[in-house]
$ cat final01.txt   # compact mmCIF, C-alpha atoms
# COMPACT_ATOMS: atom_id res chain seq x y z
CA MET A 17 40.56 41.16 139.10
CA SER A 18 44.15 40.38 138.23
CA GLU A 19 46.11 38.14 140.59
CA GLN A 20 48.87 39.18 142.99
CA VAL A 21 52.46 37.88 142.65
CA CYS A 22 55.58 37.86 144.85
CA LEU A 23 58.88 38.53 143.05
CA ARG A 24 60.92 37.01 145.88
CA CYS A 25 59.45 33.54 146.40
CA ASP A 26 57.31 33.24 143.22
CA TRP A 27 54.04 33.01 145.19
CA ALA A 28 50.93 33.90 143.12
CA GLY A 29 47.26 34.26 144.01
CA GLU A 30 44.89 36.55 145.91
CA ALA A 31 46.30 37.22 149.39
CA GLY A 32 43.76 39.80 150.43
CA ALA A 33 46.66 41.84 151.83
CA ALA A 34 49.59 43.91 150.61
CA THR A 35 52.29 41.45 151.72
CA CYS A 36 53.17 37.89 150.70
CA PRO A 37 51.75 35.24 153.02
CA GLU A 38 54.91 33.14 152.46
CA CYS A 39 57.80 35.55 152.98
CA GLY A 40 56.23 38.88 154.00
CA THR A 41 57.54 40.77 150.96
CA VAL A 42 55.39 43.47 149.28
CA LEU A 43 53.07 41.93 146.66
CA PHE A 44 52.63 43.16 143.13
CA ARG A 45 49.59 42.90 140.87
CA VAL A 46 49.74 42.19 137.16
CA GLN A 47 48.21 45.08 135.25
CA GLU A 48 45.35 44.04 132.98
CA GLN A 49 46.40 44.69 129.40
CA LYS A 50 43.91 46.16 126.94
CA PRO A 51 44.47 45.95 123.22
CA VAL A 52 44.74 49.22 121.31
CA PRO A 53 42.16 49.71 118.51
CA PRO A 54 43.58 49.40 115.01
CA ARG A 55 44.79 52.59 113.45
CA PRO A 56 42.73 54.08 110.57
CA LYS A 57 44.48 53.59 107.25
CA THR A 58 43.69 57.08 105.95
CA ALA A 59 44.08 59.16 109.01
CA ALA A 60 47.37 60.16 110.46
CA PRO A 61 48.33 58.12 113.48
CA SER A 62 47.10 59.74 116.66
CA ARG A 63 49.36 60.27 119.63
CA SER A 64 47.35 57.81 121.75
CA ALA A 65 47.65 55.06 119.11
CA GLN A 66 51.46 55.15 118.93
CA GLY A 67 53.61 52.70 120.91
CA PRO A 68 53.29 49.01 121.65
CA SER A 69 50.24 46.95 120.93
CA PHE A 70 49.61 46.62 124.71
CA THR A 71 49.37 49.55 127.09
CA GLY A 72 51.03 49.62 130.48
CA SER A 73 54.12 47.66 129.37
CA SER A 74 56.37 50.02 131.34
CA ASP A 75 54.44 49.13 134.47
CA MET A 76 53.68 45.44 134.06
CA PHE A 77 54.11 44.79 137.79
CA VAL A 78 52.86 47.43 140.24
CA PRO A 79 52.48 47.29 144.01
CA ALA A 80 49.12 45.98 145.17
CA VAL A 81 48.59 49.15 147.25
CA ASP A 82 48.82 52.85 146.43
CA ARG A 83 48.73 52.19 142.69
CA SER A 84 49.07 55.24 140.44
CA PRO A 85 47.46 55.52 137.06
CA PRO A 86 49.50 54.04 134.22
CA GLY A 87 51.95 56.48 132.75
CA SER A 88 52.26 58.57 135.89
CA PRO A 89 55.76 59.52 137.20
CA GLY A 90 55.20 57.34 140.28
CA SER A 91 54.58 54.23 138.17
CA HIS A 92 57.87 54.69 136.26
CA ARG A 93 59.76 55.18 139.56
CA ARG A 94 58.26 52.04 141.00
CA ALA A 95 59.07 50.16 137.79
CA TRP A 96 62.76 51.01 138.29
CA VAL A 97 62.47 49.87 141.90
CA VAL A 98 61.02 46.56 140.72
CA ALA A 99 63.73 46.20 138.08
CA ILE A 100 66.43 46.80 140.71
CA ALA A 101 64.79 44.24 143.04
CA VAL A 102 64.62 41.65 140.29
CA ALA A 103 68.26 42.35 139.38
CA ALA A 104 69.27 42.01 143.03
CA ILE A 105 67.48 38.68 143.33
CA ALA A 106 69.15 37.46 140.12
CA ALA A 107 72.56 38.62 141.33
CA THR A 108 72.05 36.79 144.62
CA ALA A 109 71.16 33.61 142.74
CA ILE A 110 74.26 33.93 140.53
CA ALA A 111 76.49 34.58 143.55
CA THR A 112 75.04 31.54 145.31
CA THR A 113 75.68 29.43 142.22
CA GLN A 114 79.26 30.64 142.04
CA VAL A 115 79.91 29.86 145.71
CA ARG A 116 78.58 26.34 145.26
CA THR A 117 80.64 25.69 142.13
CA PRO A 118 83.07 22.81 142.85
CA THR A 119 86.63 23.94 143.43
CA ALA A 120 89.52 22.74 141.30
CA PRO A 121 90.55 19.14 142.04
CA ALA A 122 93.18 18.73 144.74
CA ALA A 123 96.72 17.64 143.96
CA THR A 124 97.23 14.00 143.11
CA ALA A 125 97.26 11.90 146.27
CA GLY A 126 100.33 9.82 146.98
CA PRO A 127 100.37 6.04 146.56
CA ILE A 128 100.65 5.48 150.35
CA PRO A 129 98.37 7.71 152.46
CA GLY A 130 100.36 9.86 154.88
CA ALA A 131 103.71 8.52 153.67
CA ARG A 132 106.76 10.62 152.96
CA GLY A 133 110.12 10.08 151.35
CA SER A 134 110.87 8.26 148.11
CA LEU A 135 111.13 4.71 146.91
CA VAL A 136 114.30 4.25 144.86
CA TYR A 137 114.45 1.08 142.77
CA ALA A 138 116.45 -0.45 139.95
CA ALA A 139 114.90 -1.09 136.53
CA ARG A 140 116.14 -1.74 133.02
CA ASP A 141 115.92 0.37 129.90
CA ALA A 142 117.61 0.44 126.49
CA GLY A 143 120.75 1.89 128.07
CA GLY A 144 121.08 -0.72 130.82
CA TRP A 145 120.24 -0.34 134.50
CA VAL A 146 118.70 2.89 135.76
CA LEU A 147 117.59 4.05 139.20
CA TRP A 148 114.02 5.32 139.39
CA SER A 149 112.63 7.38 142.26
CA TRP A 150 108.95 7.47 143.24
CA ASP A 151 107.75 10.19 145.60
CA LEU A 152 105.39 8.44 148.02
CA ALA A 153 103.70 11.72 149.01
CA THR A 154 102.84 13.04 145.53
CA GLY A 155 103.00 9.95 143.32
CA ILE A 156 105.55 11.52 140.96
CA ALA A 157 108.08 9.11 139.43
CA ALA A 158 111.20 10.00 137.48
CA ALA A 159 114.18 8.23 135.95
CA GLY A 160 117.55 8.85 137.59
CA PRO A 161 121.15 7.96 136.80
CA HIS A 162 122.37 4.82 135.09
CA VAL A 163 124.38 2.39 137.22
CA ASP A 164 126.19 -0.91 136.73
CA ASP A 165 124.29 -4.14 137.37
CA PRO A 166 123.00 -3.47 140.95
CA VAL A 167 122.47 -6.17 143.57
CA GLU A 168 122.12 -3.90 146.62
CA LEU A 169 121.01 -0.33 147.43
CA VAL A 170 121.86 1.17 150.82
CA ASN A 171 121.13 4.42 152.59
CA ALA A 172 124.36 6.47 152.55
CA SER A 173 122.92 9.65 154.09
CA GLU A 174 125.59 9.69 156.81
CA ALA A 175 128.21 10.00 154.09
CA GLY A 176 126.32 12.79 152.30
CA ALA A 177 122.77 14.16 152.21
CA GLY A 178 120.71 12.24 149.66
CA TRP A 179 123.54 9.82 148.83
CA ILE A 180 122.81 6.20 147.96
CA GLY A 181 125.29 3.34 148.12
CA VAL A 182 125.19 0.82 145.28
CA THR A 183 126.76 -2.62 145.18
CA SER A 184 127.06 -3.88 141.60
CA VAL A 185 128.14 -7.23 140.23
CA ASP A 186 130.71 -7.82 137.48
CA GLY A 187 131.24 -11.53 137.10
CA ARG A 188 132.38 -12.74 140.51
CA ARG A 189 133.58 -9.26 141.50
CA ARG A 190 131.62 -6.66 143.46
CA ILE A 191 131.78 -2.91 142.84
CA ALA A 192 130.91 -0.35 145.54
CA SER A 193 129.76 3.05 144.23
CA ILE A 194 128.10 6.22 145.52
CA VAL A 195 125.19 7.93 143.74
CA HIS A 196 125.00 11.55 144.87
CA SER A 197 121.33 12.20 143.97
CA VAL A 198 118.41 10.68 142.07
CA SER A 199 118.55 13.24 139.25
CA PRO A 200 119.34 11.82 135.78
CA ASP A 201 122.64 13.72 135.51
CA SER A 202 123.87 12.70 138.97
CA GLY A 203 127.41 11.48 139.18
CA VAL A 204 128.19 7.87 140.11
CA SER A 205 131.50 7.58 141.97
CA ARG A 206 133.21 4.21 142.22
CA VAL A 207 134.71 3.65 145.67
CA ALA A 208 136.26 0.19 145.53
CA THR A 209 136.17 -3.24 143.87
CA GLY A 210 136.60 -6.62 145.53
CA ASP A 211 135.22 -10.11 145.97
CA LEU A 212 132.90 -9.14 148.84
CA VAL A 213 131.45 -5.76 149.86
CA ALA A 214 129.76 -4.77 153.13
CA TRP A 215 128.21 -1.37 153.97
CA ALA A 216 127.87 -0.11 157.53
CA SER A 217 124.49 1.31 158.54
CA GLY A 218 124.17 4.86 157.22
CA GLY A 219 126.70 4.20 154.46
CA GLN A 220 129.50 6.22 156.01
CA TYR A 221 131.89 3.25 156.02
CA LEU A 222 132.25 0.10 153.96
CA SER A 223 134.54 -2.89 153.97
CA VAL A 224 135.89 -4.63 150.88
CA LEU A 225 137.44 -8.11 150.94
CA ARG A 226 139.74 -9.64 148.34
CA PHE A 227 141.08 -13.17 148.47
CA GLY A 228 143.40 -15.31 146.39
CA ARG A 229 143.66 -18.95 145.52
CA ARG A 230 144.35 -21.57 148.17
CA THR A 231 148.08 -22.04 148.69
CA THR A 232 148.91 -24.72 151.26
CA GLY A 233 146.34 -26.79 153.11
CA CYS A 234 143.29 -24.61 153.80
CA ALA A 235 145.16 -21.31 153.77
CA ARG A 236 144.70 -18.52 151.23
CA HIS A 237 145.67 -14.84 151.20
CA VAL A 238 142.94 -12.45 152.35
CA GLU A 239 142.96 -8.67 152.39
CA ILE A 240 140.23 -6.56 154.03
CA ARG A 241 140.18 -2.78 153.63
CA SER A 242 137.92 -0.30 155.41
CA TYR A 243 136.84 2.73 153.33
CA VAL A 244 135.39 6.14 154.14
CA ALA A 245 132.66 6.50 151.55
CA ALA A 246 132.76 10.30 151.36
CA PHE A 247 136.46 10.35 150.42
CA GLY A 248 136.96 6.96 148.82
CA THR A 249 140.05 6.40 150.93
CA GLY A 250 140.78 3.04 152.50
CA GLU A 251 143.08 1.51 155.06
CA VAL A 252 144.11 -2.09 155.52
CA ARG A 253 142.27 -3.84 158.34
CA PHE A 254 143.61 -7.33 157.69
CA ASP A 255 146.23 -8.65 155.27
CA GLY A 256 147.47 -12.21 155.60
CA PRO A 257 146.70 -15.93 155.35
CA MET A 258 143.35 -17.25 156.48
CA CYS A 259 141.92 -20.74 156.50
CA GLY A 260 138.63 -21.29 154.70
CA LEU A 261 136.77 -19.77 151.76
CA PRO A 262 135.19 -16.35 152.46
CA LEU A 263 131.44 -16.51 151.84
CA ALA A 264 130.08 -13.23 153.21
CA ILE A 265 131.14 -10.19 155.20
CA VAL A 266 129.17 -7.85 157.47
CA THR A 267 130.44 -4.67 159.12
CA ASP A 268 129.29 -2.29 161.82
CA GLY A 269 132.01 0.25 161.04
CA SER A 270 134.18 -0.81 163.98
CA PHE A 271 134.51 -4.54 163.31
CA ASP A 272 133.99 -6.87 160.40
CA TYR A 273 132.33 -10.28 160.71
CA LEU A 274 133.46 -12.80 158.14
CA VAL A 275 131.65 -16.03 157.28
CA GLU A 276 134.05 -18.63 155.96
CA ALA A 277 133.50 -22.18 154.78
CA ASN A 278 135.89 -24.94 155.68
CA GLY A 279 134.93 -28.31 154.28
CA PRO A 280 131.33 -29.23 155.18
CA SER A 281 131.13 -26.64 157.95
CA ALA A 282 131.26 -22.85 158.32
CA SER A 283 132.06 -20.37 161.07
CA ILE A 284 132.09 -16.64 161.85
CA ARG A 285 135.24 -14.62 162.54
CA ILE A 286 135.48 -11.16 164.04
CA ILE A 287 137.99 -8.94 162.22
CA GLY A 288 139.69 -5.95 163.81
CA THR A 289 142.75 -3.96 162.85
CA GLY A 290 145.45 -6.58 162.43
CA PHE A 291 143.60 -9.56 163.95
CA ALA A 292 141.02 -12.19 163.05
CA GLN A 293 139.52 -14.19 165.91
CA PRO A 294 136.87 -16.94 166.02
CA PHE A 295 133.47 -15.53 166.95
CA MET A 296 130.88 -18.30 166.49
CA GLY A 297 131.68 -21.82 165.35
CA ARG A 298 129.35 -23.88 163.14
CA HIS A 299 127.15 -20.87 162.34
CA VAL A 300 126.59 -18.57 159.36
CA LEU A 301 125.68 -14.92 159.81
CA LEU A 302 122.53 -13.70 158.10
CA SER A 303 122.53 -10.05 159.25
CA LEU A 304 123.55 -7.67 162.03
CA SER A 305 121.41 -4.84 163.41
CA GLN A 306 122.58 -1.49 164.72
CA ARG A 307 121.54 -2.63 168.20
CA GLY A 308 123.98 -5.55 168.13
CA ASP A 309 121.47 -8.29 167.29
CA PHE A 310 122.94 -11.11 165.20
CA LEU A 311 120.67 -13.26 163.09
CA VAL A 312 122.49 -16.57 162.61
CA THR A 313 121.75 -20.07 161.40
CA PRO A 314 123.47 -23.19 162.80
CA VAL A 315 125.32 -25.48 160.42
CA PRO A 316 124.22 -29.12 160.82
CA ARG A 317 126.93 -31.50 161.90
CA PRO A 318 128.07 -34.08 159.38
CA GLY A 319 126.48 -37.49 159.88
CA GLY A 320 123.33 -36.07 161.45
CA VAL A 321 119.98 -37.83 161.54
CA ARG A 322 118.70 -38.54 158.05
CA GLY A 323 115.52 -36.61 157.29
CA ALA A 324 115.97 -34.24 160.21
CA LEU A 325 114.55 -30.73 159.79
CA ALA A 326 116.94 -27.92 158.95
CA PRO A 327 117.88 -25.83 162.00
CA SER A 328 115.94 -22.72 162.95
CA LEU A 329 117.04 -19.15 162.52
CA GLN A 330 118.53 -17.87 165.77
CA LEU A 331 119.04 -14.59 167.58
CA TYR A 332 122.35 -13.89 169.28
CA ARG A 333 123.01 -10.70 171.21
CA ARG A 334 126.58 -9.45 171.39
CA THR A 335 125.77 -7.76 174.70
CA PHE A 336 125.09 -11.19 176.24
CA LEU A 337 128.33 -12.96 175.41
CA GLY A 338 128.44 -16.51 176.71
CA ARG A 339 124.70 -17.10 176.38
CA ARG A 340 123.34 -19.54 173.88
CA PRO A 341 121.46 -18.15 170.84
CA VAL A 342 117.67 -18.27 171.00
CA SER A 343 115.86 -20.14 168.24
CA PHE A 344 112.78 -18.88 166.39
CA GLY A 345 109.93 -21.27 165.85
CA SER A 346 109.74 -24.65 167.57
CA ARG A 347 111.44 -28.01 167.27
CA ARG A 348 108.42 -29.33 165.41
CA HIS A 349 108.03 -26.21 163.25
CA PRO A 350 111.44 -24.53 162.96
CA PHE A 351 111.68 -21.25 161.11
CA GLN A 352 114.07 -21.75 158.20
CA ALA A 353 115.54 -18.60 156.69
CA ILE A 354 115.95 -18.42 152.93
CA GLU A 355 117.07 -14.80 152.52
CA PHE A 356 117.38 -11.76 154.74
CA LEU A 357 115.37 -8.81 153.39
CA CYS A 358 115.65 -5.74 155.63
CA TRP A 359 115.42 -4.28 159.14
CA SER A 360 112.67 -1.99 160.35
CA SER A 361 113.73 1.63 160.78
CA ASP A 362 113.95 1.23 164.58
CA GLN A 363 115.83 -2.09 164.22
CA ALA A 364 113.21 -3.74 166.44
CA SER A 365 112.04 -6.11 163.70
CA ALA A 366 113.63 -8.02 160.87
CA TYR A 367 111.96 -9.13 157.64
CA VAL A 368 113.06 -12.46 156.23
CA LEU A 369 112.03 -14.64 153.34
CA GLY A 370 111.65 -18.03 154.97
CA SER A 371 109.54 -21.09 155.61
CA SER A 372 107.68 -22.32 158.66
CA GLY A 373 105.41 -25.34 158.74
CA GLY A 374 105.74 -25.69 155.00
CA VAL A 375 104.53 -22.11 154.36
CA ARG A 376 106.98 -20.08 152.27
CA GLY A 377 106.62 -16.35 152.60
CA VAL A 378 107.80 -13.04 154.01
CA TYR A 379 107.94 -13.07 157.82
CA ARG A 380 108.32 -10.37 160.44
CA ILE A 381 110.62 -11.31 163.34
CA ALA A 382 110.35 -9.31 166.55
CA MET A 383 113.59 -8.76 168.44
CA GLY A 384 112.27 -9.46 171.95
CA SER A 385 114.25 -8.44 175.01
CA GLY A 386 113.72 -11.70 176.87
CA VAL A 387 114.49 -15.35 176.28
CA VAL A 388 110.99 -16.20 175.03
CA LEU A 389 110.35 -14.50 171.69
CA PRO A 390 107.14 -14.30 169.66
CA GLU A 391 106.74 -16.68 166.77
CA PRO A 392 107.66 -15.19 163.38
CA GLU A 393 104.62 -13.40 161.93
CA LEU A 394 103.67 -14.22 158.36
CA VAL A 395 103.28 -11.00 156.38
CA THR A 396 102.38 -12.71 153.13
CA GLN A 397 102.72 -16.14 151.59
CA THR A 398 104.55 -16.07 148.27
CA ASP A 399 106.14 -18.27 145.65
CA ALA A 400 107.85 -15.31 143.97
CA THR A 401 111.32 -15.95 142.62
CA SER A 402 112.51 -12.38 143.16
CA VAL A 403 111.70 -10.87 146.57
CA GLU A 404 112.95 -7.41 147.59
CA ALA A 405 111.92 -5.30 150.59
CA THR A 406 112.55 -1.99 152.31
CA ALA A 407 111.04 -0.28 155.36
CA THR A 408 110.05 3.36 155.85
CA SER A 409 110.62 5.45 158.96
CA GLN A 410 106.85 5.44 159.56
CA GLY A 411 106.64 1.67 159.79
CA GLU A 412 105.50 0.63 156.32
CA LEU A 413 107.06 -2.42 154.70
CA ILE A 414 107.33 -2.08 150.91
CA LEU A 415 107.67 -5.33 148.97
CA SER A 416 108.54 -6.19 145.40
CA LEU A 417 107.41 -9.71 144.51
CA ASP A 418 108.56 -10.54 140.99
CA GLY A 419 108.39 -6.82 140.21
CA GLN A 420 104.89 -6.24 141.64
CA LEU A 421 104.87 -3.62 144.39
CA SER A 422 102.78 -3.67 147.56
CA TYR A 423 103.00 -2.31 151.08
CA GLU A 424 101.96 -3.41 154.56
CA ARG A 425 101.05 -1.21 157.52
CA ASP A 426 99.40 -3.03 160.42
CA GLY A 427 97.17 -5.05 158.15
CA PRO A 428 96.94 -6.99 154.88
CA LEU A 429 99.10 -6.12 151.90
CA VAL A 430 97.90 -3.25 149.71
CA SER A 431 98.84 -3.25 146.04
CA LEU A 432 100.85 -0.29 144.71
CA ARG A 433 100.42 0.88 141.12
CA LEU A 434 103.27 2.79 139.54
CA PRO A 435 102.63 5.64 137.08
CA ASP A 436 101.91 4.36 133.57
CA ASN A 437 105.30 5.31 132.12
CA ALA A 438 107.35 4.07 135.09
CA PRO A 439 108.72 0.52 134.74
CA ASN A 440 108.33 -2.13 137.39
CA PRO A 441 111.32 -2.93 139.63
CA ALA A 442 113.74 -5.50 138.26
CA GLY A 443 116.31 -5.30 141.07
CA PRO A 444 116.87 -3.98 144.59
CA LEU A 445 114.85 -1.17 146.13
CA LEU A 446 115.37 1.33 148.95
CA TRP A 447 113.23 3.81 150.86
CA THR A 448 114.98 7.12 151.46
CA GLU A 449 114.00 10.23 153.39
CA SER A 450 115.67 12.54 150.86
CA ALA A 451 113.64 14.89 148.71
CA ALA A 452 112.04 13.51 145.60
CA PRO A 453 112.73 14.87 142.11
CA THR A 454 110.95 18.09 141.19
CA SER A 455 109.84 16.83 137.80
CA GLY A 456 108.81 13.49 136.42
CA LEU A 457 105.85 11.44 135.33
CA LEU A 458 102.41 11.49 136.89
$ encode --input "final01.txt" --output "structure tokens"
Amino acid sequence: MSEQVCLRCDWAGEAGAATCPECGTVLFRVQEQKPVPPRPKTAAPSRSAQGPSFTGSSDMFVPAVDRSPPGSPGSHRRAWVVAIAVAAIAATAIATTQVRTPTAPAATAGPIPGARGSLVYAARDAGGWVLWSWDLATGIAAAGPHVDDPVELVNASEAGAGWIGVTSVDGRRRIASIVHSVSPDSGVSRVATGDLVAWASGGQYLSVLRFGRRTTGCARHVEIRSYVAAFGTGEVRFDGPMCGLPLAIVTDGSFDYLVEANGPSASIRIIGTGFAQPFMGRHVLLSLSQRGDFLVTPVPRPGGVRGALAPSLQLYRRTFLGRRPVSFGSRRHPFQAIEFLCWSSDQASAYVLGSSGGVRGVYRIAMGSGVVLPEPELVTQTDATSVEATATSQGELILSLDGQLSYERDGPLVSLRLPDNAPNPAGPLLWTESAAPTSGLL
């Protein structure tokens, strides 16, 4: 007796029934094949001898019940039914295979998970300095416009959507310019040139200071102009003699704060339209936040104790005039600022390259509301010569340490790898919310 087979689950054997014991489908039995006798060489081929060498090939599989004799109309009908069933099973298998075929790979993930906006940074090429933009959501990088030797990039979105302010250096002079977009053919508009340049937050206003040689005693001629970045027009804020050598200027758009050196000491003046008044004596101004927080450093008095530690960085709030500044660190371990890097997007923290307890690195300083402030938090220890930083609106700090990029978000630093054809930063960098370029390098 020939064995029974199931065309659905490939079961084979003798079930003793008409249905498969595994899946319940109707069973089929393999027809026993009988060889056809050889045809006589002299006689004409008979009708029964014609065809294949095995009989019953058109009905190889037949149901185990109600079998019809081979060659009957019922057997051919059932053969078509079996063929259709086999085709249906094969089609199901193909469809299943197609459904399970892996889909096309997703778009390239950005360098910082969940980040948005672009990192704009300065690099060098054969034509000089060029601004590159790197989309932090897609990972696409593209070269932008060429600029003069940049020392500072600022967000100028309040002057124009997507605008970037650039401070360039030309000898001892500073040049303030506006870049209107990060596309390669973007225009670069020069606003003003002077000895010192200060941008207000948002880049809508900037102040430019020019000074001359010392004339009599400590006096020299100083001119300060306030400019509207969108129009490039300026008006004189101060024009007259001033004692001391201007070292730095900071502006909030309404007032300018000038650091001037006079002999072994330095002080801060507040500059308004037509006046210049003392603001803080024996201090230098490191930076000013939008909330009115001044980061200042005291100037040691001449003839101080030999070997004494340098004074700590201090916080002074303009809203609490008359109160003494609050020092960061302790008397035993003062926090000594080397360079201001950037503010967080909410202005609640400042990032400073400094040293505390002999550890040089990038520190986060929280702007506490009370007198007692947290100790500066070490983000990373570094001996890098070139340190640049910028903060995103989502709280990430992006660092460039000697051209190597990394970012920090509530944890240790994570290295950032630029696209292969994008150069490493060689100058300042800036995070911007504006749209990234539509084409570039992956």
$ atom_distance --input "final01.txt" --atom1 "atom CA of Ala139 of chain A" --atom2 "atom CA of Leu302 of chain A"
26.1 Å
$ atom_distance --input "final01.txt" --atom1 "atom CA of Pro350 of chain A" --atom2 "atom CA of Arg380 of chain A"
14.7 Å
$ residues_near_point --input "final01.txt" --point "(112.5, -21.4, 152.1)" --cutoff "7 Å" --atoms "all atoms listed in the file" --output "ChimeraX atom specification"
/A:352-354,369-371,376
$ closest_residue --input "final01.txt" --among "A:Val342, A:Leu222, A:Ile128, A:Ala277" --to "Leu413 of chain A" --atoms "all atoms listed in the file"
A:Ile128
$ residues_around --input "final01.txt" --residues "segment 230-243 of chain A" --least-positions-apart "4" --cutoff "9 Å" --atoms "all atoms listed in the file" --output "list in words"
Val207, Ala208, Gln220, Tyr221, Leu222, Ser223, Val224, Leu225, Arg226, Phe247, Gly248, Thr249, Gly250, Glu251, Val252, Arg253, Phe254, Asp255, Gly256, Pro257, Met258, Cys259, Gly260, Leu261, Pro262, Gly269, Asp272, Asn278 and Ile287 of chain A
$ residues_near_point --input "final01.txt" --point "(106.9, 6.9, 135.0)" --cutoff "10 Å" --atoms "all atoms listed in the file" --output "ChimeraX atom specification"
/A:148-150,155-159,434-440,456-458
$ atom_distance --input "final01.txt" --atom1 "atom CA of Glu276 of chain A" --atom2 "atom CA of Ser184 of chain A"
21.7 Å
$ closest_residue --input "final01.txt" --among "A:Trp215, A:Phe271, A:Phe344, A:Phe351" --to "Glu168 of chain A" --atoms "only C-alpha atoms"
A:Trp215
$ closest_residue --input "final01.txt" --among "A:Ile286, A:Ala405, A:Gly203, A:Gly427" --to "Tyr137 of chain A" --atoms "all atoms listed in the file"
A:Ala405
$ closest_residue --input "final01.txt" --among "A:Ser402, A:Trp447, A:Arg347, A:Pro280" --to "Ser360 of chain A" --atoms "only C-alpha atoms"
A:Trp447
$ closest_residue --input "final01.txt" --among "A:His349, A:Arg339, A:Arg425, A:Arg298" --to "Ile284 of chain A" --atoms "all atoms listed in the file"
A:Arg298
$ closest_residue --input "final01.txt" --among "A:Thr408, A:Gln293, A:Ser365, A:Thr154" --to "Ile381 of chain A" --atoms "only C-alpha atoms"
A:Ser365
